[in-house]
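A.B. asks: Below is the file start_33.cif, which contains mmCIF, C-alpha atoms.
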```
data_final
#
loop_
_atom_site.group_PDB
_atom_site.id
_atom_site.type_symbol
_atom_site.label_atom_id
_atom_site.label_comp_id
_atom_site.auth_asym_id
_atom_site.auth_seq_id
_atom_site.Cartn_x
_atom_site.Cartn_y
_atom_site.Cartn_z
ATOM 1 C CA MET J 1 192.164 41.147 96.184
ATOM 2 C CA GLN J 2 192.733 40.722 99.877
ATOM 3 C CA THR J 3 189.871 39.043 101.706
ATOM 4 C CA ASP J 4 188.085 41.501 103.963
ATOM 5 C CA PHE J 5 188.732 40.368 107.518
ATOM 6 C CA ALA J 6 185.216 41.392 108.532
ATOM 7 C CA THR J 7 184.039 38.470 106.407
ATOM 8 C CA GLN J 8 186.726 36.165 107.758
ATOM 9 C CA LYS J 9 186.067 37.257 111.335
ATOM 10 C CA SER J 10 182.449 36.172 111.081
ATOM 11 C CA ASP J 11 183.699 32.732 110.040
ATOM 12 C CA LEU J 12 186.243 32.711 112.858
ATOM 13 C CA THR J 13 183.761 33.673 115.540
ATOM 14 C CA ALA J 14 180.773 31.714 114.253
ATOM 15 C CA PRO J 15 179.976 28.392 115.912
ATOM 16 C CA SER J 16 181.821 25.446 114.440
ATOM 17 C CA LYS J 17 180.019 23.749 111.576
ATOM 18 C CA SER J 18 180.204 20.588 113.682
ATOM 19 C CA SER J 19 178.467 22.086 116.710
ATOM 20 C CA SER J 20 175.460 24.180 117.559
ATOM 21 C CA GLY J 21 177.486 26.835 119.351
ATOM 22 C CA PRO J 22 179.423 27.263 122.566
ATOM 23 C CA ALA J 23 178.913 24.575 125.164
ATOM 24 C CA MET J 24 177.635 25.871 128.486
ATOM 25 C CA ASP J 25 177.581 24.339 131.931
ATOM 26 C CA ALA J 26 176.493 25.501 135.387
ATOM 27 C CA GLU J 27 179.774 27.384 135.756
ATOM 28 C CA GLY J 28 179.367 29.377 132.506
ATOM 29 C CA PRO J 29 181.336 28.998 129.269
ATOM 30 C CA SER J 30 183.137 25.682 128.895
ATOM 31 C CA PRO J 31 186.622 25.018 127.505
ATOM 32 C CA MET J 32 184.883 24.432 124.154
ATOM 33 C CA ASP J 33 184.233 28.135 123.595
ATOM 34 C CA HIS J 34 185.939 29.702 120.624
ATOM 35 C CA LYS J 35 187.484 32.937 121.813
ATOM 36 C CA ILE J 36 189.470 35.547 119.889
ATOM 37 C CA VAL J 37 191.338 38.275 121.753
ATOM 38 C CA GLU J 38 192.713 41.174 119.727
ATOM 39 C CA ILE J 39 196.223 41.952 120.977
ATOM 40 C CA VAL J 40 197.001 44.668 118.407
ATOM 41 C CA PRO J 41 194.425 46.245 116.067
ATOM 42 C CA PRO J 42 194.976 46.560 112.306
ATOM 43 C CA GLY J 43 197.559 49.152 111.329
ATOM 44 C CA PRO J 44 196.985 52.150 109.058
ATOM 45 C CA VAL J 45 196.005 51.246 105.490
ATOM 46 C CA ASP J 46 199.091 52.898 103.969
ATOM 47 C CA ASN J 47 201.533 50.883 106.157
ATOM 48 C CA PRO J 48 199.629 48.275 108.187
ATOM 49 C CA ARG J 49 202.684 46.447 109.585
ATOM 50 C CA ALA J 50 204.773 49.506 110.505
ATOM 51 C CA HIS J 51 204.413 48.718 114.222
ATOM 52 C CA TRP J 52 205.865 45.206 113.793
ATOM 53 C CA PRO J 53 209.560 44.595 114.529
ATOM 54 C CA GLU J 54 211.776 44.752 111.414
ATOM 55 C CA LYS J 55 212.495 40.994 111.577
ATOM 56 C CA LEU J 56 208.766 40.191 111.466
ATOM 57 C CA ARG J 57 208.149 42.611 108.578
ATOM 58 C CA ARG J 58 211.042 41.058 106.653
ATOM 59 C CA GLU J 59 209.676 37.552 107.261
ATOM 60 C CA PHE J 60 206.273 38.693 105.980
ATOM 61 C CA ASP J 61 207.863 40.140 102.829
ATOM 62 C CA GLU J 62 209.849 36.944 102.197
ATOM 63 C CA ASN J 63 206.980 34.487 102.731
ATOM 64 C CA GLN J 64 203.702 36.269 101.902
ATOM 65 C CA PHE J 65 203.258 34.278 98.677
ATOM 66 C CA SER J 66 203.944 30.864 100.234
ATOM 67 C CA GLY J 67 201.202 28.282 99.817
ATOM 68 C CA ALA J 68 202.520 26.096 102.663
ATOM 69 C CA VAL J 69 199.564 26.292 105.056
ATOM 70 C CA GLY J 70 200.977 23.580 107.349
ATOM 71 C CA ASN J 71 204.262 21.920 108.346
ATOM 72 C CA VAL J 72 203.853 19.087 105.868
ATOM 73 C CA LEU J 73 201.608 18.250 102.921
ATOM 74 C CA VAL J 74 200.619 14.657 103.702
ATOM 75 C CA SER J 75 198.374 14.016 100.690
ATOM 76 C CA GLU J 76 197.466 15.661 97.400
ATOM 77 C CA THR J 77 195.007 14.581 94.714
ATOM 78 C CA ASP J 78 193.441 16.414 91.789
ATOM 79 C CA ASN J 79 190.783 17.674 94.223
ATOM 80 C CA VAL J 80 192.387 18.290 97.632
ATOM 81 C CA ARG J 81 195.555 18.985 99.581
ATOM 82 C CA VAL J 82 195.733 17.609 103.123
ATOM 83 C CA TRP J 83 198.108 19.318 105.536
ATOM 84 C CA HIS J 84 199.323 18.567 109.051
ATOM 85 C CA LEU J 85 200.417 21.370 111.339
ATOM 86 C CA SER J 86 202.057 20.673 114.672
ATOM 87 C CA LEU J 87 203.419 23.495 116.801
ATOM 88 C CA PRO J 88 205.017 22.854 120.197
ATOM 89 C CA PRO J 89 204.770 25.648 122.781
ATOM 90 C CA GLY J 90 206.723 28.561 121.309
ATOM 91 C CA GLY J 91 206.507 27.015 117.809
ATOM 92 C CA TRP J 92 206.013 29.109 114.690
ATOM 93 C CA LEU J 93 204.512 28.611 111.232
ATOM 94 C CA THR J 94 205.741 31.402 109.000
ATOM 95 C CA PHE J 95 203.558 33.607 106.842
ATOM 96 C CA HIS J 96 201.528 31.887 104.186
ATOM 97 C CA ARG J 97 198.735 32.811 101.800
ATOM 98 C CA HIS J 98 195.270 31.244 101.741
ATOM 99 C CA VAL J 99 193.640 31.427 98.292
ATOM 100 C CA LEU J 100 191.659 28.170 98.229
ATOM 101 C CA ASP J 101 188.440 27.159 99.944
ATOM 102 C CA TYR J 102 189.425 25.048 102.936
ATOM 103 C CA PHE J 103 188.644 23.835 106.406
ATOM 104 C CA TRP J 104 190.758 22.969 109.391
ATOM 105 C CA THR J 105 190.100 20.913 112.476
ATOM 106 C CA THR J 106 192.062 20.413 115.687
ATOM 107 C CA PRO J 107 192.143 17.617 118.278
ATOM 108 C CA SER J 108 194.015 19.865 120.730
ATOM 109 C CA THR J 109 193.443 22.652 123.218
ATOM 110 C CA GLY J 110 195.715 25.655 122.990
ATOM 111 C CA ILE J 111 196.344 29.272 122.136
ATOM 112 C CA ALA J 112 197.443 30.344 118.648
ATOM 113 C CA ARG J 113 198.642 33.890 118.068
ATOM 114 C CA GLY J 114 197.883 35.034 114.535
ATOM 115 C CA TYR J 115 199.812 37.776 112.740
ATOM 116 C CA TYR J 116 197.770 39.096 109.793
ATOM 117 C CA GLN J 117 198.666 41.125 106.697
ATOM 118 C CA ASP J 118 196.605 44.071 107.966
ATOM 119 C CA GLY J 119 198.956 44.333 110.974
ATOM 120 C CA ARG J 120 196.458 42.850 113.408
ATOM 121 C CA ILE J 121 197.658 40.385 116.038
ATOM 122 C CA VAL J 122 195.109 38.124 117.739
ATOM 123 C CA ASP J 123 195.128 35.226 120.180
ATOM 124 C CA VAL J 124 192.716 32.417 119.330
ATOM 125 C CA TYR J 125 191.750 29.888 122.001
ATOM 126 C CA HIS J 126 191.185 26.456 120.448
ATOM 127 C CA TYR J 127 189.408 23.337 121.749
ATOM 128 C CA PRO J 128 189.402 19.667 120.675
ATOM 129 C CA GLY J 129 187.109 19.002 117.740
ATOM 130 C CA GLU J 130 186.947 22.641 116.706
ATOM 131 C CA THR J 131 186.458 22.898 112.947
ATOM 132 C CA ARG J 132 186.314 26.055 110.804
ATOM 133 C CA HIS J 133 185.409 26.460 107.138
ATOM 134 C CA PHE J 134 186.606 29.266 104.830
ATOM 135 C CA ARG J 135 185.708 30.353 101.321
ATOM 136 C CA HIS J 136 187.806 32.508 98.993
ATOM 137 C CA GLY J 137 186.169 34.015 95.918
ATOM 138 C CA LYS J 138 188.048 34.966 92.777
ATOM 139 C CA ASP J 139 191.243 36.883 93.651
ATOM 140 C CA GLU J 140 190.466 36.809 97.395
ATOM 141 C CA TYR J 141 193.117 35.762 99.887
ATOM 142 C CA PHE J 142 194.524 36.370 103.313
ATOM 143 C CA VAL J 143 198.054 36.089 104.677
ATOM 144 C CA HIS J 144 198.993 35.195 108.234
ATOM 145 C CA ALA J 145 201.516 33.428 110.456
ATOM 146 C CA ILE J 146 200.817 31.357 113.563
ATOM 147 C CA GLU J 147 202.720 31.242 116.856
ATOM 148 C CA ASN J 148 201.894 28.822 119.665
ATOM 149 C CA VAL J 149 201.758 31.063 122.756
ATOM 150 C CA GLY J 150 200.143 28.414 124.967
ATOM 151 C CA ASP J 151 201.646 25.611 127.006
ATOM 152 C CA THR J 152 200.265 22.684 124.965
ATOM 153 C CA GLU J 153 201.108 21.405 121.495
ATOM 154 C CA LEU J 154 198.815 22.790 118.792
ATOM 155 C CA ILE J 155 197.780 20.277 116.141
ATOM 156 C CA PHE J 156 195.698 21.035 113.050
ATOM 157 C CA VAL J 157 194.642 19.139 109.960
ATOM 158 C CA THR J 158 193.805 21.438 107.044
ATOM 159 C CA VAL J 159 192.066 20.335 103.862
ATOM 160 C CA GLU J 160 192.261 22.684 100.861
ATOM 161 C CA PHE J 161 189.919 22.236 97.900
ATOM 162 C CA LEU J 162 191.883 22.637 94.660
ATOM 163 C CA ARG J 163 188.903 23.184 92.366
ATOM 164 C CA GLY J 164 187.818 26.646 93.413
ATOM 165 C CA ASP J 165 187.782 30.195 92.145
ATOM 166 C CA ASN J 166 191.565 30.603 92.433
ATOM 167 C CA PRO J 167 194.430 28.443 91.192
ATOM 168 C CA PRO J 168 196.465 26.689 93.894
ATOM 169 C CA ILE J 169 199.815 28.206 94.815
ATOM 170 C CA PRO J 170 202.717 26.006 93.625
ATOM 171 C CA LEU J 171 204.596 24.364 96.499
ATOM 172 C CA ALA J 172 208.248 23.710 97.214
ATOM 173 C CA ASP J 173 209.170 20.029 97.297
ATOM 174 C CA ASP J 174 210.456 20.239 100.882
ATOM 175 C CA VAL J 175 206.908 20.599 102.286
ATOM 176 C CA LYS J 176 205.688 17.375 100.639
ATOM 177 C CA LEU J 177 205.758 14.267 102.811
ATOM 178 C CA ALA J 178 206.112 11.989 99.788
ATOM 179 C CA LEU J 179 209.419 13.668 98.935
ATOM 180 C CA ARG J 180 210.680 13.694 102.544
ATOM 181 C CA ARG J 181 210.354 9.940 103.104
ATOM 182 C CA PRO J 182 213.105 7.601 102.039
ATOM 183 C CA SER J 183 211.802 5.283 99.349
ATOM 184 C CA LEU J 184 210.641 1.854 100.455
ATOM 185 C CA ALA J 185 213.141 0.225 98.102
ATOM 186 C CA SER J 186 216.117 2.038 99.646
ATOM 187 C CA SER J 187 214.995 1.260 103.216
ATOM 188 C CA CYS J 188 214.599 -2.446 102.342
ATOM 189 C CA ASP J 189 218.149 -2.613 100.956
ATOM 190 C CA ARG J 190 219.696 -1.927 104.355
#
```
Starting from the coordinates I provided, produce the structure as structure tokens.
C.D. replies:
Amino acid sequence: MQTDFATQKSDLTAPSKSSSGPAMDAEGPSPMDHKIVEIVPPGPVDNPRAHWPEKLRREFDENQFSGAVGNVLVSETDNVRVWHLSLPPGGWLTFHRHVLDYFWTTPSTGIARGYYQDGRIVDVYHYPGETRHFRHGKDEYFVHAIENVGDTELIFVTVEFLRGDNPPIPLADDVKLALRRPSLASSCDR
């Protein structure tokens, strides 16, 4: 079952779990405000992505079951997966599916454009230290892609909890840092 975005939106727009809400100063909202701007509303239920370009629809179809929620899986235990995501200005993380409870945090300021399975496109303004938590009940999920439309590098660390209501999505080896690194033995032989 697809997670209802109304539920997700409340998580996205709620104050960070690490703060008491938006910081304010004499000038009004500070750069630490979490802001979401809807660029395109959700599409019709029968064909929510019809208004997307063909290339974007094809990329959704090809990647909607991917569990790669970052550029590289840097650590995995029986309990968690830890991901790094780094997107330079103009960078893109293709569509991926969230099925596990997780949180992400960012040390950077920037603007991420999200493309969601319901056809919606939103710009999210991020600030250093921002942290968001998400929960997915049995058979709940959401699918999205991220584009960096700002002029600064976007950096996120995402931690997925493997012991939840849904099984983790199997991952391709090429997203795992441990399999990307040359072995210590082979680098010492040089």
A.B. asks: Which of these, J:Glu140, J:Tyr125, J:Asp118, J:Leu171, has the shortest distance to Trp52 (chain J) once you count only C-alpha atoms?
C.D. replies: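 The closest residue to Trp52 (chain J) is J:Asp118.
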A.B. asks: Which residues are near Gly91 (chain J)? Cut-off 12 Å, only C-alpha atoms, ignore same chain within fewer than 6 positions. Put them as a list in words.
C.D. replies: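 Residues near the query, excluding close chain neighbours: Asn71, Leu85, Ile111, Ala112, Arg113, Ala145, Ile146, Glu147, Asn148, Val149, Gly150, Asp151, Thr152, Glu153, Leu154 and Ile155 of chain J.
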A.B. asks: Could you turn the residues from that selection into a file that holds C-alpha atoms, as a PDB file, keeping the file's coordinate frame?
C.D. replies:
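In the end it all went to again_30.pdb:
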```pdb
ATOM      1  CA  ASN J  71     204.262  21.920 108.346  1.00  0.00           C
ATOM      2  CA  LEU J  85     200.417  21.370 111.339  1.00  0.00           C
ATOM      3  CA  ILE J 111     196.344  29.272 122.136  1.00  0.00           C
ATOM      4  CA  ALA J 112     197.443  30.344 118.648  1.00  0.00           C
ATOM      5  CA  ARG J 113     198.642  33.890 118.068  1.00  0.00           C
ATOM      6  CA  ALA J 145     201.516  33.428 110.456  1.00  0.00           C
ATOM      7  CA  ILE J 146     200.817  31.357 113.563  1.00  0.00           C
ATOM      8  CA  GLU J 147     202.720  31.242 116.856  1.00  0.00           C
ATOM      9  CA  ASN J 148     201.894  28.822 119.665  1.00  0.00           C
ATOM     10  CA  VAL J 149     201.758  31.063 122.756  1.00  0.00           C
ATOM     11  CA  GLY J 150     200.143  28.414 124.967  1.00  0.00           C
ATOM     12  CA  ASP J 151     201.646  25.611 127.006  1.00  0.00           C
ATOM     13  CA  THR J 152     200.265  22.684 124.965  1.00  0.00           C
ATOM     14  CA  GLU J 153     201.108  21.405 121.495  1.00  0.00           C
ATOM     15  CA  LEU J 154     198.815  22.790 118.792  1.00  0.00           C
ATOM     16  CA  ILE J 155     197.780  20.277 116.141  1.00  0.00           C
TER      17      ILE J 155
END
```
A.B. asks: May I ask for the distance between CA of Val45 (chain J) and CA of Gln64 (chain J), given in Å to one decimal place?
C.D. replies: 17.2 Å
A.B. asks: List as a list of chain:residue names the residues having at least one atom at most 7 Å from position (191.2, 21.3, 113.0) as given in the file, counting only C-alpha atoms.
C.D. replies: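 Selection result: J:Trp104, J:Thr105, J:Thr106, J:Pro107, J:Gly129, J:Glu130, J:Thr131, J:Phe156, J:Val157, J:Thr158.
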A.B. asks: Go through region 72-136 of chain J residue by residue and, counting all atoms listed in the file, keep those with an atom at most 10 Å from region 56-59 of chain J; for each kept residue give the shortest atom pair and its distance in Å to one decimal, ordered by chain and increasing number, as CSV.
C.D. replies:
```
residue,atom,partner,partner_atom,distance
J:Thr94,CA,J:Glu59,CA,7.5
J:Phe95,CA,J:Glu59,CA,7.3
J:Tyr115,CA,J:Leu56,CA,9.4
J:Gln117,CA,J:Arg57,CA,9.8
J:Gly119,CA,J:Arg57,CA,9.7
```
A.B. asks: Store the residues picked out above, limited to C-alpha atoms, as a short mmCIF file (atom, residue, chain, number, x, y, z; two decimals), in the coordinates of the input.
C.D. replies:
```
data_model
loop_
_atom_site.label_atom_id
_atom_site.label_comp_id
_atom_site.auth_asym_id
_atom_site.auth_seq_id
_atom_site.Cartn_x
_atom_site.Cartn_y
_atom_site.Cartn_z
CA THR J 94 205.74 31.40 109.00
CA PHE J 95 203.56 33.61 106.84
CA TYR J 115 199.81 37.78 112.74
CA GLN J 117 198.67 41.12 106.70
CA GLY J 119 198.96 44.33 110.97
#
```
A.B. asks: Mind listing as a count of residues only all residues within 9 Å of (203.9, 25.7, 99.5), counting all atoms listed in the file?
C.D. replies: 16
A.B. asks: Can you work out which one of J:Ala178, J:Leu93, J:Val159, J:Leu87 has the shortest atom-to-atom distance to Asn63 (chain J), counting only C-alpha atoms?
C.D. replies: J:Leu93
